Each structure stands twice: as C-alpha cells, then as structure tokens.
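Enquirer: Sharing a structure, written as structure tokens. Questions coming.
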Amino acid sequence: MLDHLIKGATVVDGTGTPSYAADVGIRDGRIAVVAPAGTVTEEARTSEDATGLVLAPGFVDPHTHYDAQLFWDPYATPSLNHGVTTVAGGNCGFTLAPLHPDRPADADYTRRMMSKVEGMSLVALEEGAPWTWHSFGDYLDALEGRIAVNAGFMVGHCALRRYVMGADAVGGQPTPRQMDEMLALFHEAMDAGAWGFSTTQSTTHSDGDGQPVASRHAGRDELLALSRAVAVHEGTQIEAIVAGCLDQFDDDEIELFAAMSAAAGRPLNWNVLTIDAAVPERVPRQLAAAERAREAGGRVVALTMPILTPMNMSLGTFCALNLIPGWGEILGLPVPERLEKLRDPDVRAELLRRAGSKEAGVFRRLTDFGRYVIGDTYSPENEGLTGRVVRDIAAERGLEPFACMVEICANDRLRTVLWPMPTDNDPASWALRAETWQHEDVLLGGSDAGAHLDRMCGAPYTTRFLGDCLRGRKLVGLEQAVKMLTDDPAQLFGLRERGRIEEGWHADLVLFDPERIDAGKATLVHDLPGNSPRLDSRPIGITAVWVNGVETIREDVVTGAVPGTVLRSGRDTRTVSTK
Ligand SMILES: [Zn+2]
C-alpha cells in the first residue's frame, strides 16, 4: 500500500535527462516507485492525477539565514511555498549557537549583531526564538521535529570566538589555549551534526555596537586551523565571505580561499557573484579563485543568482547605501542632523563623488538616483509619487535627481521606501549569466532567505527562474534548470539520497504547472513577531510540495505538517572531497 500516488506527471528528475511521463508513488517518506504513466497498480491511500503538471525534486537553497526564523515560522516561508524543501543555514559566520552558559548577555549581543548584519527585526529575534540552547547540538535539537523543511547548519565563526574569548572576541587574538578551546568546541559542534565552518572577513559586517564582527579579527592561522578541523568530519564543508565577494577579489583573498579549502579538503562556497556585462573583468577575476583552488587541491564555488533580486533602499534605515564609502557617517546620524546634512549641497556633492569613485565598488550600481522608483510614502506632500521614477519628478521640479530624492524623503522624515531599477537587466548581461552558469564551480544560490527581510526578497528565485526558462528568456532548458536547483546543490553538499527523483530516495518533491510557474511581485507584509515588516512574494503555479513524503503545501496553503529533518553531517551528508 502506497501512502500517495502521483499519476501521469511529467517527471523532471533532477539529473538533467529528458523529462518523461510517469507515476510516482510515495511510501514511508521515500519514493517507492517510479514507473511509466498508467502502469502502477499498487493501491494507494490517496492519489491524484497530475497530467500536464511537472514533478521535480524539491529545490535546495544553498545559502539562507533561516537559523532564527524557523522557530517562529517552521515553514520557512516563502521558500517552502516556492518549492524549496532543503535549506542550508548558519552562513556568513553568523549562528545563534554555541552560547556560553555563564554569560546570558551573549544572547543579547548575538541578537543585536544578527539584527544589524542580517537585517532581522530585533523584536522578532527576541520574541520569536526560545534562546534555550548552549551547545550547537542543543540548538539543532531545539529545531528537530518542529520544522517543515530539511535544514542543515554551518557553525558561525563569530559564535565560536565569542564563546571562547568573551568580549575580547572583538579586537583580540586567541591565546594558544583559547585556540584549542575554539577547536574543541568546533569539533563538538560537528560531532553533533553541524555542516562545517562559516566565516566572514568582509568589511561590510559590523556588530550591534558598530564594531567589526568577531571573525573579522581572526588571522590567517586561525582561519586555517579551523579549516583543518573540518577535514576530520564526514560530510562537511566551508562557507566564507570576504570584502572582494561584492566586486573583485584581491590576490590575498584568492590565496586565502584556496588555502582554506585545500586545508579542509572540502569545497568552500562564497556569495554572491554579481554578473554584469558592463563590468566584463569581474567574472574572470572571481573565477580565478576557483582555478587557484583547484591547483592547490581545494575547490572554491561561487554562488550566483539567476534573477534580479528585488531590493529596496532607504535614507532612514540601515541599507546598502550605508556601505558606500563616506555614506555611513552621514546616514548613521540622528534623523534631524542627517536631514540637515543631506540638504546641504556641499555634503550631497561629496556623497555623490564618493559614490561614483572606484572604492565604492559594486555599490556604484546603486548611485544612479534618477533611476530610483518611489515606493511607499508617508506624508501628504508625497501623495501620488508612489510608482514614479525620480528622474521624471526631478525634471518637473528642475532639481538634480539626488537633491530631488532627498526632498521627497525629507517630507517623510526619511521613511520613504525607494526601489532602484536594476542596472544590469540588459541582453548582454543575461547572455553572460547563461554562459557563467555552465562553469563547473558556479552554482545557483545566494538568496539570503531569512535575512534582510524588509529589504530584499531572494527566496522566490526558484519559481521566477523556472518561469523565465519556460516562458521568458529561455536561457536554459527545463531539465537543466531543475538540475541547477536540485541535484547540483545536493551534490555540492553531499546530501544523501536527495536532489533527484529516484526509487528509494527521500520523497522531497514539488509539483507545478509549467504554463504558470512564476513568483509574484514582492510586497511588504507585517507578519513577523512584534508585527515587524518583511517582503513577501507569492508563488504562482505551485500545486503541491512534499517533504520526506509528507504534503507541506497545497495550492499555496501550508498544511501544518512539520516533516522536515535537521540534516546532520555524516548521517545525512557524505564527504565531497576535493582531493
Ligand atoms: Zn549570507
């Protein structure tokens, strides 16, 4: 007796081979049978006719920050709605564990850091998670049995440092004894099932006090020692961020990534590779890290997004504009002073000069303010401006675009929501993306789902990409597109028996309508603990999602089931060696 039978679906199995019509039966969490359509005679408790629909393996999102959200939202929305059945968390050096049992204040420090670096609402972090754990294993256990998706977690370098070094973690170097303690703590976390090591060395990451986060103070020896520790645990890996990820690596960064990966003998993935035909030197430079790693006996994999992620900006709250050299000081001032500065033509001229300079790197893309679209506004003076382009308003008012934008935002006490139009939506950039996706060390990902919640909405990249492949630019065929969202990431992480539709494998499945599959427009909703806002996007054309054989979504409604597994290294992942 089958638990469920999906009849006559067009099966796209994740391997990249041509689709075929089949019946797929589920039993005890596994794919029990895959047979030509109409041939399965075994009885099933429930069944459905899926003629005309595509059945694919559930999607694997390799870069999320669902570490906290899973506690108040076990369904990992909106990822699950968009067909994602497995997520990787604990990225970029930031995890909620381990926490030192003798220093309860460390939890507060961690929440304020997460709020700052990953744009998570502080209230949601405080009210939405229990904070009952100390060890990394405790943290994993706290999620076990309570989540609708499968989730695996890296150990964040910042948490390791904080645990062992306390407040010295910011600014200090570990003594030999502290280094040993850090390593012991890290081994213990991997024994409990952590996926490996994550760190940030990026200049964009500061804690709640505005200081560089703990991992940024680590030297090369520390990074390599932790990387070597990864090597002795089965099914582990590394994830790391450096300043050059945003634009172009310097030589030291390339050497560091190659050395860390080689020391671990495991793949290291980083995000996010921005592909823009206007900067043709970037892709070869960033992929030089992959080449160098291969020479050194490692493997460095770049994550890149197959969609242009909707992202909003603001002069009122912390966002990417704060990261432009010279802008943080002004945008960090209390609102009245900030307004005064922004209205000063000399200050504006200096800000624009810095924004256009080479040191602004990838942020230069954000500084064509004429191409900003006005989002939500909050004052009578700004009525009617929502949806309009700054360039047009500026022309009507006889103002320079940035000055015009400042005046609009000033009316709202800087609360105005701003949407920069993407600068890299040209055919040449899309052609370069399609070409870059073919590279063996490039993987789709970098959604940052669960982070930057009110600012960007990367989670729906799966459905939007499929829609684009089927009915839009058609840069990749359906079978290949599905492989890029399923088997490819599953292979990088060494997931055991996930990422394909194959008899005996875990029944992580998504059923969708190829005529309609897409992601809806990103909109702001207030549904986080404490009513904090986040961007949401509804899927279009997703019929159902199963995790471990259990239906979790039907017609965009969560069923309430929580069949997800906390994926433990070794047990649920095998080693993907680079040697
Ligand atoms: Zn991240």
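Starting from 1 in every chain, residues are counted up; chains themselves are A, B, ... following the order of the structure tokens, and ligands are numbered from 1 as listed.
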What residues have any atom no more than 6 Å from ligand 1 when counting only C-alpha atoms and all ligand atoms, and can you list them as an NGL selection string?
Expert: :A and (91-92 or 448)
Enquirer: What's the 12 Å shell around segment 255-257 of chain A, counting only C-alpha atoms, without same-chain residues fewer than 3 positions away, as an mmCIF file with C-alpha atoms, in the first residue's frame?
Expert:
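The resulting file, out-v1.cif, is reproduced below:
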data_model
loop_
_atom_site.group_PDB
_atom_site.id
_atom_site.type_symbol
_atom_site.label_atom_id
_atom_site.label_comp_id
_atom_site.auth_asym_id
_atom_site.auth_seq_id
_atom_site.Cartn_x
_atom_site.Cartn_y
_atom_site.Cartn_z
ATOM 1 C CA SER A 198 31.387 29.597 8.083
ATOM 2 C CA THR A 199 33.177 32.904 8.446
ATOM 3 C CA THR A 200 33.120 36.491 7.297
ATOM 4 C CA GLN A 201 36.133 38.658 6.671
ATOM 5 C CA GLY A 219 44.313 35.936 11.483
ATOM 6 C CA ARG A 220 45.182 33.540 8.715
ATOM 7 C CA ASP A 221 46.490 30.892 11.157
ATOM 8 C CA GLU A 222 43.190 30.810 12.998
ATOM 9 C CA LEU A 223 41.213 30.505 9.770
ATOM 10 C CA LEU A 224 43.432 27.671 8.559
ATOM 11 C CA SER A 227 39.552 24.811 8.175
ATOM 12 C CA ILE A 238 33.208 25.665 4.329
ATOM 13 C CA GLU A 239 31.322 28.841 3.532
ATOM 14 C CA ALA A 240 33.112 32.186 3.639
ATOM 15 C CA ILE A 241 32.708 35.842 2.735
ATOM 16 C CA VAL A 242 35.449 38.400 2.134
ATOM 17 C CA GLY A 244 36.088 41.102 -2.557
ATOM 18 C CA CYS A 245 32.972 38.923 -2.897
ATOM 19 C CA PHE A 249 38.878 39.635 -5.064
ATOM 20 C CA ASP A 250 42.353 40.860 -4.293
ATOM 21 C CA ASP A 251 45.237 38.385 -4.534
ATOM 22 C CA ASP A 252 45.295 37.695 -0.780
ATOM 23 C CA MET A 260 41.206 27.217 3.448
ATOM 24 C CA SER A 261 39.536 24.863 1.014
ATOM 25 C CA ALA A 262 42.725 22.870 0.477
ATOM 26 C CA ALA A 263 43.340 22.639 4.246
ATOM 27 C CA ALA A 264 39.837 21.232 4.721
ATOM 28 C CA GLY A 265 39.936 19.101 1.574
ATOM 29 C CA ARG A 266 36.358 20.286 1.148
ATOM 30 C CA PRO A 267 34.529 22.715 -1.128
ATOM 31 C CA LEU A 268 34.282 26.315 0.021
ATOM 32 C CA ASN A 269 31.330 28.290 -1.305
ATOM 33 C CA TRP A 270 31.008 32.053 -1.312
ATOM 34 C CA GLN A 286 36.153 35.996 -9.362
ATOM 35 C CA LEU A 287 36.513 32.615 -11.041
ATOM 36 C CA ALA A 288 40.289 32.868 -10.755
ATOM 37 C CA ALA A 289 39.689 31.833 -7.132
ATOM 38 C CA ALA A 290 38.175 28.552 -8.361
ATOM 39 C CA GLU A 291 41.125 27.946 -10.654
ATOM 40 C CA ARG A 292 43.672 28.740 -7.949
ATOM 41 C CA ALA A 293 41.877 26.449 -5.500
ATOM 42 C CA ARG A 294 41.934 23.548 -7.942
ATOM 43 C CA GLU A 295 45.708 23.987 -8.284
ATOM 44 C CA ALA A 296 46.081 23.985 -4.511
ATOM 45 C CA GLY A 297 43.954 20.860 -4.012
ATOM 46 C CA GLY A 298 40.803 22.674 -2.961
ATOM 47 C CA ARG A 299 37.588 23.743 -4.600
ATOM 48 C CA VAL A 300 36.034 27.195 -4.434
ATOM 49 C CA VAL A 301 32.464 27.521 -5.661
ATOM 50 C CA ALA A 302 30.734 30.819 -6.465
#
Enquirer: Find the residues near Ala142 of chain A: any atom within 9 Å, counting only C-alpha atoms, skip ones fewer than 3 places away on the same chain, and give them as a PDB file with N, CA and C atoms, in the first residue's frame.
Expert:
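Done, and the output landed in around23.pdb:
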ATOM      1  N   PHE A  71      12.138  29.133  14.107  1.00  0.00           N
ATOM      2  CA  PHE A  71      11.461  28.996  15.405  1.00  0.00           C
ATOM      3  C   PHE A  71      10.059  29.603  15.397  1.00  0.00           C
ATOM      4  N   PRO A 130      13.372  30.759  21.282  1.00  0.00           N
ATOM      5  CA  PRO A 130      13.409  30.477  22.725  1.00  0.00           C
ATOM      6  C   PRO A 130      14.759  30.765  23.406  1.00  0.00           C
ATOM      7  N   THR A 132      17.133  28.840  24.334  1.00  0.00           N
ATOM      8  CA  THR A 132      17.301  27.915  25.453  1.00  0.00           C
ATOM      9  C   THR A 132      18.585  27.103  25.349  1.00  0.00           C
ATOM     10  N   TRP A 133      19.318  27.244  24.234  1.00  0.00           N
ATOM     11  CA  TRP A 133      20.450  26.354  23.983  1.00  0.00           C
ATOM     12  C   TRP A 133      21.775  26.947  24.474  1.00  0.00           C
ATOM     13  N   GLY A 137      24.826  21.480  19.434  1.00  0.00           N
ATOM     14  CA  GLY A 137      23.920  20.327  19.415  1.00  0.00           C
ATOM     15  C   GLY A 137      22.567  20.653  20.046  1.00  0.00           C
ATOM     16  N   ASP A 138      22.599  21.434  21.150  1.00  0.00           N
ATOM     17  CA  ASP A 138      21.339  21.862  21.789  1.00  0.00           C
ATOM     18  C   ASP A 138      20.480  22.638  20.785  1.00  0.00           C
ATOM     19  N   TYR A 139      21.176  23.508  20.043  1.00  0.00           N
ATOM     20  CA  TYR A 139      20.452  24.334  19.066  1.00  0.00           C
ATOM     21  C   TYR A 139      19.791  23.449  18.005  1.00  0.00           C
ATOM     22  N   GLY A 145      12.263  17.993  14.727  1.00  0.00           N
ATOM     23  CA  GLY A 145      10.864  17.609  14.883  1.00  0.00           C
ATOM     24  C   GLY A 145       9.877  18.761  14.808  1.00  0.00           C
ATOM     25  N   ARG A 146      10.385  19.963  14.573  1.00  0.00           N
ATOM     26  CA  ARG A 146       9.493  21.130  14.598  1.00  0.00           C
ATOM     27  C   ARG A 146       9.448  21.879  13.282  1.00  0.00           C
TER      28      ARG A 146
END
Enquirer: Within 12 Å of Val347 of chain A, counting only C-alpha atoms, which residues show up once you throw out same-chain ones fewer than 2 positions away? Write them as a PyMOL selection string, please.
Expert: chain A and resi 326-327+329-331+338-345+349-354+402-403+406
Enquirer: Would you return as a PyMOL selection string the members of segment 350-530 of chain A that DSSP assigns to strand (DSSP E or B) on this structure's backbone?
Expert: chain A and resi 372-374+389+418-420+442-444+449+456+495+506+509-512+518-519+523-525
Enquirer: Give me, as a tab-separated table, the closest atom pair and its distance (Å, one decimal) for every residue of segment 250-368 of chain A within a cut-off of 12 Å of segment 462-473 of chain A, counting only C-alpha atoms, rows sorted by chain and rising number.
Expert:
residue	atom	partner	partner_atom	distance
A:Met305	CA	A:Phe465	CA	9.2
A:Pro306	CA	A:Phe465	CA	6.2
A:Ile307	CA	A:Phe465	CA	6.3
A:Leu308	CA	A:Arg464	CA	9.7
A:Thr309	CA	A:Arg464	CA	10.1
A:Pro310	CA	A:Arg464	CA	11.7
Enquirer: Convert the current residue selection to file output with C-alpha atoms, as a PDB file, in the first residue's frame.
Expert:
ATOM      1  CA  MET A 305      21.508  34.394  -8.533  1.00  0.00           C
ATOM      2  CA  PRO A 306      19.548  33.595 -11.706  1.00  0.00           C
ATOM      3  CA  ILE A 307      17.150  36.503 -11.142  1.00  0.00           C
ATOM      4  CA  LEU A 308      17.499  40.181 -10.353  1.00  0.00           C
ATOM      5  CA  THR A 309      16.573  40.225  -6.677  1.00  0.00           C
ATOM      6  CA  PRO A 310      14.110  42.979  -5.838  1.00  0.00           C
TER       7      PRO A 310
END
Enquirer: Tell me which protein, DNA and RNA residues are within 12 Å of Leu399 of chain A, counting only C-alpha atoms, leaving out same-chain ones fewer than 6 positions away, and put them as a list of chain:residue names.
Expert: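 Counting only the stated atoms, we get A:Pro345, A:Gly370, A:Val390, A:Arg391, A:Asp392, A:Ile393, A:Met405, A:Val406, A:Glu407, A:Ile408.
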Enquirer: For a quick check of understanding, using only C-alpha atoms, which of A:Arg413, A:Arg228, A:Arg348, A:Arg455 has the smallest distance to Pro334 of chain A?
Expert: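 Checking each of A:Arg413, A:Arg228, A:Arg348, A:Arg455 against Pro334 of chain A, counting only C-alpha atoms, the winner is A:Arg413.
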Enquirer: Can you pull out every residue within 10 Å of Ala9 of chain A, counting only C-alpha atoms, but drop anything in the same chain fewer than 5 positions away, and send it as a list in words?
Expert: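 My list of contacting residues is Ser19, Tyr20, Ala21, Ala22, Asp23, Val24, Pro36, Ala37, Glu48, Asp49, Ala50, Thr51, Gly52, Leu53, Val54, Leu55, Ala56, Leu511 and Phe512 of chain A.
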Enquirer: Based on the selection just made, write C-alpha atoms of those residues as an mmCIF file, in the first residue's frame.
Expert:
data_model
loop_
_atom_site.group_PDB
_atom_site.id
_atom_site.type_symbol
_atom_site.label_atom_id
_atom_site.label_comp_id
_atom_site.auth_asym_id
_atom_site.auth_seq_id
_atom_site.Cartn_x
_atom_site.Cartn_y
_atom_site.Cartn_z
ATOM 1 C CA SER A 19 11.532 14.515 -18.920
ATOM 2 C CA TYR A 20 9.166 11.564 -19.137
ATOM 3 C CA ALA A 21 5.573 10.781 -18.178
ATOM 4 C CA ALA A 22 5.415 8.626 -15.068
ATOM 5 C CA ASP A 23 3.526 7.578 -11.985
ATOM 6 C CA VAL A 24 5.407 8.293 -8.772
ATOM 7 C CA PRO A 36 5.675 4.605 -16.860
ATOM 8 C CA ALA A 37 2.398 6.512 -16.606
ATOM 9 C CA GLU A 48 -4.030 12.454 -7.752
ATOM 10 C CA ASP A 49 -3.982 12.962 -11.472
ATOM 11 C CA ALA A 50 -1.016 15.153 -12.358
ATOM 12 C CA THR A 51 -1.373 15.103 -16.133
ATOM 13 C CA GLY A 52 0.106 18.271 -17.602
ATOM 14 C CA LEU A 53 1.994 19.099 -14.405
ATOM 15 C CA VAL A 54 5.731 18.812 -13.813
ATOM 16 C CA LEU A 55 7.000 16.765 -10.870
ATOM 17 C CA ALA A 56 10.537 17.731 -9.808
ATOM 18 C CA LEU A 511 4.515 19.574 -8.380
ATOM 19 C CA PHE A 512 3.975 22.616 -10.598
#
Enquirer: Hey, what's within 9 Å of Ala88 of chain A if we count only C-alpha atoms and toss same-chain stuff fewer than 3 positions away? As a JSON list (two decimals) with N, CA and C atoms, in the first residue's frame, please?
Expert:
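See out07.json below for the written result:
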[["chain", "number", "residue", "atom", "x", "y", "z"],
["A", 60, "VAL", "N", 16.78, 22.92, -3.49],
["A", 60, "VAL", "CA", 17.74, 23.03, -2.39],
["A", 60, "VAL", "C", 18.32, 24.44, -2.43],
["A", 61, "ASP", "N", 18.05, 25.23, -1.41],
["A", 61, "ASP", "CA", 18.60, 26.60, -1.36],
["A", 61, "ASP", "C", 19.90, 26.58, -0.57],
["A", 62, "PRO", "N", 21.04, 26.80, -1.24],
["A", 62, "PRO", "CA", 22.33, 26.63, -0.58],
["A", 62, "PRO", "C", 22.77, 27.77, 0.33],
["A", 63, "HIS", "N", 22.06, 28.89, 0.30],
["A", 63, "HIS", "CA", 22.51, 30.00, 1.15],
["A", 63, "HIS", "C", 21.33, 30.75, 1.75],
["A", 64, "THR", "N", 20.98, 30.37, 2.99],
["A", 64, "THR", "CA", 19.90, 31.07, 3.69],
["A", 64, "THR", "C", 20.37, 31.45, 5.09],
["A", 65, "HIS", "N", 19.53, 32.25, 5.74],
["A", 65, "HIS", "CA", 19.74, 32.61, 7.15],
["A", 65, "HIS", "C", 18.45, 32.33, 7.91],
["A", 66, "TYR", "N", 17.93, 31.12, 7.75],
["A", 66, "TYR", "CA", 16.69, 30.74, 8.44],
["A", 66, "TYR", "C", 16.93, 30.32, 9.89],
["A", 91, "ASN", "N", 25.13, 30.54, 7.74],
["A", 91, "ASN", "CA", 26.12, 31.07, 6.81],
["A", 91, "ASN", "C", 26.76, 32.39, 7.27],
["A", 150, "ASN", "N", 13.78, 20.48, 5.36],
["A", 150, "ASN", "CA", 15.04, 19.92, 5.85],
["A", 150, "ASN", "C", 16.03, 21.07, 5.97],
["A", 151, "ALA", "N", 16.82, 21.07, 7.02],
["A", 151, "ALA", "CA", 17.74, 22.18, 7.21],
["A", 151, "ALA", "C", 19.06, 21.69, 7.79],
["A", 152, "GLY", "N", 20.15, 22.17, 7.21],
["A", 152, "GLY", "CA", 21.48, 21.89, 7.74],
["A", 152, "GLY", "C", 22.17, 23.20, 8.08],
["A", 153, "PHE", "N", 23.06, 23.16, 9.06],
["A", 153, "PHE", "CA", 23.64, 24.41, 9.56],
["A", 153, "PHE", "C", 25.15, 24.35, 9.70],
["A", 154, "MET", "N", 25.81, 25.38, 9.17],
["A", 154, "MET", "CA", 27.23, 25.59, 9.40],
["A", 154, "MET", "C", 27.39, 26.17, 10.81],
["A", 195, "TRP", "N", 27.36, 21.32, 9.80],
["A", 195, "TRP", "CA", 27.84, 21.06, 8.44],
["A", 195, "TRP", "C", 29.27, 21.53, 8.18]]
Enquirer: Separation of atom CA of Gly375 of chain A and atom CA of Pro401 of chain A, in Å?
Expert: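 Distance between the two atoms: 15.9 Å.
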Enquirer: What is the distance between atom CA of Ala218 of chain A and atom CA of Leu183 of chain A, in Å to one decimal?
Expert: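 It comes out at 13.6 Å.
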Enquirer: If you run DSSP on this backbone, which residues of segment 332-533 of chain A come out as helix (DSSP H, G or I), and could you give them as a VMD selection string?
Expert: chain A and resid 335 to 342 345 to 356 358 to 366 369 to 371 380 to 382 390 to 397 401 to 411 427 to 436 461 to 471 478 to 485 487 to 493 529 to 531
Enquirer: Could those selected residues go to a file with C-alpha atoms, as a compact mmCIF listing (two decimals), in the first residue's frame?
Expert:
# COMPACT_ATOMS: atom_id res chain seq x y z
CA VAL A 335 17.39 61.92 11.76
CA PRO A 336 17.31 65.73 12.32
CA GLU A 337 21.11 66.04 11.86
CA ARG A 338 21.03 63.60 8.97
CA LEU A 339 18.37 65.70 7.23
CA GLU A 340 20.34 68.87 7.76
CA LYS A 341 23.46 67.29 6.23
CA LEU A 342 21.58 65.75 3.32
CA PRO A 345 24.57 70.93 -1.34
CA ASP A 346 28.25 70.57 -0.41
CA VAL A 347 27.57 67.41 1.57
CA ARG A 348 25.49 66.00 -1.26
CA ALA A 349 28.23 66.77 -3.78
CA GLU A 350 30.79 64.96 -1.61
CA LEU A 351 28.47 61.96 -1.15
CA LEU A 352 27.93 61.72 -4.90
CA ARG A 353 31.67 62.00 -5.51
CA ARG A 354 32.41 59.13 -3.12
CA ALA A 355 29.53 57.09 -4.53
CA GLY A 356 30.97 57.35 -8.04
CA LYS A 358 36.31 53.31 -7.68
CA GLU A 359 36.39 52.47 -3.94
CA ALA A 360 32.59 52.27 -3.98
CA GLY A 361 32.99 49.04 -5.99
CA VAL A 362 29.79 47.22 -6.68
CA PHE A 363 27.78 49.86 -4.78
CA ARG A 364 28.31 52.24 -7.69
CA ARG A 365 25.38 50.43 -9.24
CA LEU A 366 23.11 51.96 -6.60
CA PHE A 369 19.40 58.07 -8.22
CA GLY A 370 17.45 59.21 -11.27
CA ARG A 371 16.64 55.52 -11.79
CA PRO A 380 0.53 64.40 2.24
CA GLU A 381 3.31 66.22 0.36
CA ASN A 382 4.34 62.95 -1.28
CA VAL A 390 12.88 60.07 -9.53
CA ARG A 391 14.33 61.26 -12.86
CA ASP A 392 10.86 62.36 -14.05
CA ILE A 393 9.95 64.07 -10.79
CA ALA A 394 13.34 65.82 -10.74
CA ALA A 395 12.84 67.11 -14.29
CA GLU A 396 9.40 68.52 -13.38
CA ARG A 397 10.83 70.25 -10.35
CA PRO A 401 17.90 63.73 -9.09
CA PHE A 402 19.67 63.12 -5.77
CA ALA A 403 18.57 66.52 -4.40
CA CYS A 404 15.03 65.74 -5.52
CA MET A 405 15.12 62.34 -3.83
CA VAL A 406 16.37 63.88 -0.58
CA GLU A 407 13.47 66.39 -0.63
CA ILE A 408 10.93 63.62 -1.16
CA CYS A 409 12.42 61.55 1.67
CA ALA A 410 12.63 64.61 3.92
CA ASN A 411 8.83 65.01 3.66
CA PRO A 427 20.64 41.16 -23.00
CA ALA A 428 24.44 41.13 -22.79
CA SER A 429 24.33 40.62 -19.01
CA TRP A 430 21.82 37.80 -19.37
CA ALA A 431 23.96 36.14 -22.04
CA LEU A 432 26.98 36.41 -19.75
CA ARG A 433 24.95 34.86 -16.91
CA ALA A 434 23.88 31.91 -19.06
CA GLU A 435 27.49 31.34 -20.06
CA THR A 436 28.80 31.65 -16.49
CA TYR A 461 14.40 32.73 -7.18
CA THR A 462 13.38 29.13 -7.85
CA THR A 463 9.94 29.80 -9.32
CA ARG A 464 10.96 33.03 -11.03
CA PHE A 465 13.91 31.29 -12.69
CA LEU A 466 11.75 28.39 -13.89
CA GLY A 467 9.19 30.82 -15.29
CA ASP A 468 11.97 32.67 -17.08
CA CYS A 469 13.34 29.40 -18.50
CA LEU A 470 9.92 28.21 -19.70
CA ARG A 471 8.28 31.38 -20.91
CA LEU A 478 13.63 22.92 -18.15
CA GLU A 479 15.61 19.76 -17.34
CA GLN A 480 18.82 21.71 -16.92
CA ALA A 481 17.11 24.45 -14.88
CA VAL A 482 15.68 21.86 -12.47
CA LYS A 483 19.08 20.20 -12.14
CA MET A 484 20.62 23.57 -11.25
CA LEU A 485 18.08 23.94 -8.42
CA ASP A 487 20.92 17.87 -7.94
CA ASP A 488 23.69 20.46 -8.35
CA PRO A 489 23.38 21.93 -4.83
CA ALA A 490 22.65 18.48 -3.37
CA GLN A 491 25.88 17.21 -4.91
CA LEU A 492 27.91 20.14 -3.60
CA PHE A 493 26.71 19.41 -0.06
CA PRO A 529 6.74 38.58 15.77
CA GLY A 530 6.17 42.13 17.03
CA ASN A 531 4.45 42.98 13.71
Enquirer: How close does segment 181-205 of chain A get to segment 102-122 of chain A? List, as a tab-separated table, each residue of segment 181-205 of chain A within 12 Å, its nearest atom pair and the distance in Å to one decimal, counting only C-alpha atoms.
Expert:
residue	atom	partner	partner_atom	distance
A:Thr200	CA	A:Val117	CA	10.8
A:Ser202	CA	A:Val117	CA	10.9
A:Thr203	CA	A:Val117	CA	11.2
A:Thr204	CA	A:Val117	CA	8.2
A:His205	CA	A:Val117	CA	5.8
Enquirer: Taking C-alpha atoms for each residue, export the selection above as a compact mmCIF listing (two decimals), in the first residue's frame.
Expert:
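Everything below was put into selection.txt:
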# COMPACT_ATOMS: atom_id res chain seq x y z
CA THR A 200 33.12 36.49 7.30
CA SER A 202 34.03 41.25 4.92
CA THR A 203 34.39 44.94 5.75
CA THR A 204 30.61 45.30 5.45
CA HIS A 205 29.93 43.23 8.59
